[in-house]
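Peer 1: Once you've had a glance at the structure underneath, I'll fire off some questions.
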Amino acid sequence: MEIKCIAGFASITKYPEASASLYQYALGLPLEKMDDYRFMDKFPGAHHFGVWPLSMAAQSCFGQDTWPESVPEPTATIEFELADAAAVEAAVREMKENGQEFIHETRTEPWGQTVARFMSPEGVLVGLSYAPWLHE
């Protein structure tokens with residue numbers, strides 16, 4: 001078997017209207033609608049796929065090895081790549097002005113990625129990101 005690409009990623013939600021509102025309106029993704037399913041096809045592909053241990057995600061988000069009980073544990077993460085670090089800052093400000101709460105503010109990770117993260121209504125850890133190596 002030879003995997004060619006990530007063919008798709010979809011969050012699974014008990015709150016389709018809230019989730020669609022986040023992805024379509026707050027993040028501005030060009031989602032189409034088919035019944036209650038929202039989607040987009042032929043959008044630029046994923047540049048990364050990983051299996052991220054919860055302890056590592058907790059360390060990245062909270063600086064500790066355990067996920068806080070006060071925050072729902074994510075079962076997936078998705079990161080949306082922006083043009084540069086300033087674009088990440090601007091997107092965070094815009095979303096906060098519209099009421100979005102963030103798990104952590106914009107910061108630069110030890111590996112060079114600028115990222116801010118929040119939880120979606122369905123419990124997906126969402127990152128707004130700038131990874132310089134994706135722009136070389």
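Residues are referred to by chain and number: the chain letter is A, B, ... according to the order shown in the structure tokens, the number counts from 1 in that chain, and ligands are numbered separately from 1 in the order shown.
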Applying 12 Å and only C-alpha atoms, which residues near Lys4 (chain A) remain after dropping the ones on its own chain fewer than 3 positions away? List them as number ranges by chain.

Peer 2: A: 1, 7-8, 45-47

Peer 1: Pull N, CA, C and O atoms from the residues just selected and write them as a CSV table (one decimal), in the first residue's frame.

Peer 2:
chain,number,residue,atom,x,y,z
A,1,MET,N,0.8,-1.2,0.0
A,1,MET,CA,0.0,0.0,0.0
A,1,MET,C,0.9,1.2,0.0
A,1,MET,O,1.9,1.3,0.7
A,7,ALA,N,-6.7,12.3,2.2
A,7,ALA,CA,-7.9,12.6,1.3
A,7,ALA,C,-8.9,13.5,2.0
A,7,ALA,O,-9.6,14.2,1.3
A,8,GLY,N,-9.0,13.4,3.3
A,8,GLY,CA,-10.0,14.3,3.9
A,8,GLY,C,-9.9,14.3,5.4
A,8,GLY,O,-9.3,13.3,6.0
A,45,GLY,N,-4.1,20.9,0.1
A,45,GLY,CA,-4.0,19.7,1.0
A,45,GLY,C,-3.2,19.9,2.3
A,45,GLY,O,-2.7,21.0,2.6
A,46,ALA,N,-3.3,18.9,3.1
A,46,ALA,CA,-2.6,18.9,4.4
A,46,ALA,C,-1.1,18.7,4.1
A,46,ALA,O,-0.7,18.0,3.3
A,47,HIS,N,-0.3,19.4,4.9
A,47,HIS,CA,1.2,19.3,4.8
A,47,HIS,C,1.7,18.4,5.9
A,47,HIS,O,2.9,18.2,6.0

Peer 1: Using DSSP on the backbone, list every residue of chain A that comes out as strand (DSSP E or B), and give them as a PyMOL selection string.

Peer 2: chain A and resi 32-34+37-39+76-81+104-108+114-119+124-130

Peer 1: Just the residues within 12 Å of region 56-63 of chain A, please, counting only C-alpha atoms, with nothing from its chain fewer than 6 positions along; format it as a PyMOL selection string.

Peer 2: chain A and resi 50+69+71-77+102-111+113-119+125-127

Peer 1: Mind dumping the selected residues with C-alpha atoms as a compact mmCIF listing (two decimals), in the first residue's frame?

Peer 2:
# COMPACT_ATOMS: atom_id res chain seq x y z
CA GLY A 50 0.69 12.94 13.03
CA GLU A 69 -9.75 18.31 33.83
CA VAL A 71 -10.89 21.49 29.50
CA PRO A 72 -12.44 18.69 27.41
CA GLU A 73 -9.79 16.29 26.09
CA PRO A 74 -9.40 16.65 22.33
CA THR A 75 -9.51 13.59 20.11
CA ALA A 76 -8.12 15.36 17.06
CA THR A 77 -6.24 18.48 16.10
CA PHE A 102 -8.35 30.49 23.24
CA ILE A 103 -6.56 27.75 25.16
CA HIS A 104 -3.37 29.73 24.70
CA GLU A 105 -2.32 32.98 23.09
CA THR A 106 -0.08 33.25 20.07
CA ARG A 107 3.40 31.99 20.81
CA THR A 108 6.38 30.50 19.03
CA GLU A 109 7.00 26.84 19.78
CA PRO A 110 10.57 25.52 20.28
CA TRP A 111 10.47 24.07 16.74
CA GLN A 113 6.01 27.35 14.58
CA THR A 114 3.90 30.34 15.64
CA VAL A 115 0.54 29.08 16.89
CA ALA A 116 -2.52 29.90 18.99
CA ARG A 117 -5.03 27.18 19.85
CA PHE A 118 -8.68 26.88 20.84
CA MET A 119 -11.27 24.12 21.16
CA LEU A 125 -8.10 21.26 19.14
CA VAL A 126 -7.81 23.96 16.45
CA GLY A 127 -4.61 25.87 15.76

Peer 1: Enter the distance from CA of Asp41 (chain A) to CA of Ile6 (chain A), in Å, rounded to one decimal.

Peer 2: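 That distance, rounded to one decimal, is 12.4 Å.
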
Peer 1: Using CA of Met40 (chain A) and CA of Leu54 (chain A) as the two end points, give the distance in Å to one decimal.

Peer 2: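 CA of Met40 (chain A) sits 28.4 Å away from CA of Leu54 (chain A).
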
Peer 1: Ranking A:Pro121, A:Gly99, A:Pro44, A:Pro30 by minimum distance to Glu81 (chain A) and counting only C-alpha atoms, which one comes first?

Peer 2: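 Of A:Pro121, A:Gly99, A:Pro44, A:Pro30, the one nearest Glu81 (chain A), counting only C-alpha atoms, is A:Pro44.
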
Peer 1: Restricting the calculation to only C-alpha atoms: of A:Gly112, A:Tyr15, A:Ala10, A:Ala131, which residue gets closest to Val88 (chain A)?

Peer 2: A:Ala131
